[in-house]
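Data first, discussion second: the structure below is written as structure tokens.
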Amino acid sequence: MIDTVLTTERLVLKPAATTDFDDLIGLWSNEDFTRHIMGRALGAEEVWFRLLRDIGHWTALGHGNWSIRLKDGGAYVGSVGVLDYRRELEPALDAPELGWGVAPAFQGMGYAAEAVSAALAWTEAAGMARTVCMIAPENLASLKLAARVGFRAYGVTTYKDHRVQLFERAAT
């Protein structure tokens with residue numbers, strides 16, 4: 001079995017845990033963070049349900065969201081994950097989905113690229129030949145990151161009444 005705790009030059013990624021709850025409330029209640037994901041801030045109850053889903057992902061599937069923390073000091077940066085949300089969209093996502101988000105205070109510092117690259121290396125070590133992601137077209141930072149790590153567009157669709165672009169990446 002491959003390790004589920006990932007370490008990079010500046011970051012430590014650990015599977016989501018209940019100890020992340022307060023940090024997640026701070027992240028998901030920030031409208032600058034949720035703008036391209038949910039379109040609105042989330043309350044504590046919704047964040048708790050998301051956290052339980054993330055923990056369940058690891059238990060049921062052996063993968064899920066990692067909490068991203070700075071190696072130096074442990075500050076909460078955001079999350080990155082290998083997901084199977086069974087999203088209701090056409091075309092269906094037919095491979096493990098990569099998702100990521102970094103708190104506004106940590107954006108523009110290369111942490112997202114570092115964490116996403118670590119997660120992609122993990123997917124390859126786990127034998128996942130292809131990953132997919134979906135990004136709102138106005139989320140320019142995520143579009144740029146997806147291209148940087150090798151994702152290529154393959155479609156456009158609607159998810160929960162919002163237009164999204166679909167991307168795929170073959171293992172290297």
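Letters for chains follow the order of the structure tokens (A, B, ...), residue numbers begin at 1 for each chain, and ligand numbers begin at 1 in the order shown.
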Check your understanding: Could you name the residues that touch segment 21-37 of chain A at 10 Å or less, counting only C-alpha atoms, but leaving out those on the same chain fewer than 4 positions away, as a PyMOL selection string?
Key -> chain A and resi 16-17+41-48+50-52+67+75-79+101-105+107+135-140+142+162
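Look at Gly150 of chain A: the protein and nucleic acid residues within 12 Å of it, using only C-alpha atoms and passing over chain neighbours fewer than 2 places away, are Ala113, Val116, Ser117, Leu120, Arg130, Thr131, Val132, Cys133, Leu143, Lys144, Leu145, Ala146, Ala147, Arg148, Arg152, Ala153, Phe167, Glu168, Arg169, Ala170, Ala171 and Thr172 of chain A.
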Review point. What's the 8 Å shell around Gly99 of chain A, counting only C-alpha atoms, without same-chain residues fewer than 2 positions away, as a PyMOL selection string?
Key: chain A and resi 80-83+97+101+133
Can you write just those residues out, N, CA and C atoms, as a PDB file, in the first residue's frame?
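The new file result_18.pdb reads:
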```pdb
ATOM      1  N   VAL A  80      -6.383  19.258  -1.480  1.00  0.00           N
ATOM      2  CA  VAL A  80      -6.274  18.656  -2.797  1.00  0.00           C
ATOM      3  C   VAL A  80      -6.756  17.227  -2.636  1.00  0.00           C
ATOM      4  N   GLY A  81      -7.433  16.702  -3.649  1.00  0.00           N
ATOM      5  CA  GLY A  81      -7.948  15.353  -3.485  1.00  0.00           C
ATOM      6  C   GLY A  81      -8.127  14.595  -4.762  1.00  0.00           C
ATOM      7  N   VAL A  82      -8.201  13.276  -4.592  1.00  0.00           N
ATOM      8  CA  VAL A  82      -8.537  12.331  -5.649  1.00  0.00           C
ATOM      9  C   VAL A  82      -9.921  11.821  -5.274  1.00  0.00           C
ATOM     10  N   LEU A  83     -10.912  12.136  -6.106  1.00  0.00           N
ATOM     11  CA  LEU A  83     -12.313  12.050  -5.689  1.00  0.00           C
ATOM     12  C   LEU A  83     -13.163  11.193  -6.607  1.00  0.00           C
ATOM     13  N   GLU A  97     -11.346  11.935 -10.176  1.00  0.00           N
ATOM     14  CA  GLU A  97     -11.378  13.394 -10.324  1.00  0.00           C
ATOM     15  C   GLU A  97     -10.376  14.032  -9.371  1.00  0.00           C
ATOM     16  N   GLY A 101      -8.025  23.381  -3.874  1.00  0.00           N
ATOM     17  CA  GLY A 101      -8.364  24.741  -3.485  1.00  0.00           C
ATOM     18  C   GLY A 101      -7.403  25.216  -2.414  1.00  0.00           C
ATOM     19  N   CYS A 133     -10.648  16.552 -14.247  1.00  0.00           N
ATOM     20  CA  CYS A 133     -11.071  17.622 -13.349  1.00  0.00           C
ATOM     21  C   CYS A 133     -12.061  18.507 -14.087  1.00  0.00           C
TER      22      CYS A 133
END
```
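Atom CA of Val12 of chain A is positioned 5.5 Å from atom CA of Lys71 of chain A.
We find atom CA of Leu89 of chain A and atom CA of Val164 of chain A to be spaced 10.2 Å apart.
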Practice item. In Å, rounded to a single decimal, give me how far atom CA of Val149 of chain A is from atom CA of Gly62 of chain A. Key: 23.1 Å
Practice item. Report as a ChimeraX atom specification: the residues of segment 75-124 of chain A with a DSSP assignment of strand (DSSP E), based on the backbone of this structure. Key: /A:76-83,97-102
Kindly save the residues from that selection, with N, CA and C atoms included, as a PDB file, in the first residue's frame.
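Written output follows (selection-v3.pdb):
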```
ATOM      1  N   TYR A  76      -2.738  25.915   7.927  1.00  0.00           N
ATOM      2  CA  TYR A  76      -3.635  25.270   6.965  1.00  0.00           C
ATOM      3  C   TYR A  76      -3.659  26.073   5.675  1.00  0.00           C
ATOM      4  N   VAL A  77      -3.311  25.427   4.559  1.00  0.00           N
ATOM      5  CA  VAL A  77      -3.217  26.081   3.258  1.00  0.00           C
ATOM      6  C   VAL A  77      -4.460  25.838   2.412  1.00  0.00           C
ATOM      7  N   GLY A  78      -5.016  24.622   2.462  1.00  0.00           N
ATOM      8  CA  GLY A  78      -6.162  24.267   1.634  1.00  0.00           C
ATOM      9  C   GLY A  78      -6.273  22.770   1.514  1.00  0.00           C
ATOM     10  N   SER A  79      -6.801  22.310   0.373  1.00  0.00           N
ATOM     11  CA  SER A  79      -6.960  20.871   0.172  1.00  0.00           C
ATOM     12  C   SER A  79      -6.730  20.513  -1.287  1.00  0.00           C
ATOM     13  N   VAL A  80      -6.383  19.258  -1.480  1.00  0.00           N
ATOM     14  CA  VAL A  80      -6.274  18.656  -2.797  1.00  0.00           C
ATOM     15  C   VAL A  80      -6.756  17.227  -2.636  1.00  0.00           C
ATOM     16  N   GLY A  81      -7.433  16.702  -3.649  1.00  0.00           N
ATOM     17  CA  GLY A  81      -7.948  15.353  -3.485  1.00  0.00           C
ATOM     18  C   GLY A  81      -8.127  14.595  -4.762  1.00  0.00           C
ATOM     19  N   VAL A  82      -8.201  13.276  -4.592  1.00  0.00           N
ATOM     20  CA  VAL A  82      -8.537  12.331  -5.649  1.00  0.00           C
ATOM     21  C   VAL A  82      -9.921  11.821  -5.274  1.00  0.00           C
ATOM     22  N   LEU A  83     -10.912  12.136  -6.106  1.00  0.00           N
ATOM     23  CA  LEU A  83     -12.313  12.050  -5.689  1.00  0.00           C
ATOM     24  C   LEU A  83     -13.163  11.193  -6.607  1.00  0.00           C
ATOM     25  N   GLU A  97     -11.346  11.935 -10.176  1.00  0.00           N
ATOM     26  CA  GLU A  97     -11.378  13.394 -10.324  1.00  0.00           C
ATOM     27  C   GLU A  97     -10.376  14.032  -9.371  1.00  0.00           C
ATOM     28  N   LEU A  98      -9.590  14.938  -9.882  1.00  0.00           N
ATOM     29  CA  LEU A  98      -8.698  15.714  -9.030  1.00  0.00           C
ATOM     30  C   LEU A  98      -9.382  17.036  -8.723  1.00  0.00           C
ATOM     31  N   GLY A  99      -9.337  17.439  -7.474  1.00  0.00           N
ATOM     32  CA  GLY A  99      -9.881  18.722  -7.058  1.00  0.00           C
ATOM     33  C   GLY A  99      -8.905  19.405  -6.126  1.00  0.00           C
ATOM     34  N   TRP A 100      -8.878  20.732  -6.146  1.00  0.00           N
ATOM     35  CA  TRP A 100      -7.955  21.464  -5.284  1.00  0.00           C
ATOM     36  C   TRP A 100      -8.505  22.836  -4.963  1.00  0.00           C
ATOM     37  N   GLY A 101      -8.025  23.381  -3.874  1.00  0.00           N
ATOM     38  CA  GLY A 101      -8.364  24.741  -3.485  1.00  0.00           C
ATOM     39  C   GLY A 101      -7.403  25.216  -2.414  1.00  0.00           C
ATOM     40  N   VAL A 102      -6.917  26.430  -2.578  1.00  0.00           N
ATOM     41  CA  VAL A 102      -5.974  27.031  -1.642  1.00  0.00           C
ATOM     42  C   VAL A 102      -6.592  28.307  -1.090  1.00  0.00           C
TER      43      VAL A 102
END
```
Practice item. Check the DSSP output for the backbone and give back, as a VMD selection string, the residues of segment 7-167 of chain A in helix (DSSP H, G or I). Key: chain A and resid 18 to 28 31 to 34 44 to 61 104 to 106 111 to 125 140 to 148
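For the set A:Asp94, A:Asp161, A:Glu88, A:Glu114, the residue with the smallest atom-to-atom gap to Leu11 of chain A is A:Glu114, counting only C-alpha atoms.
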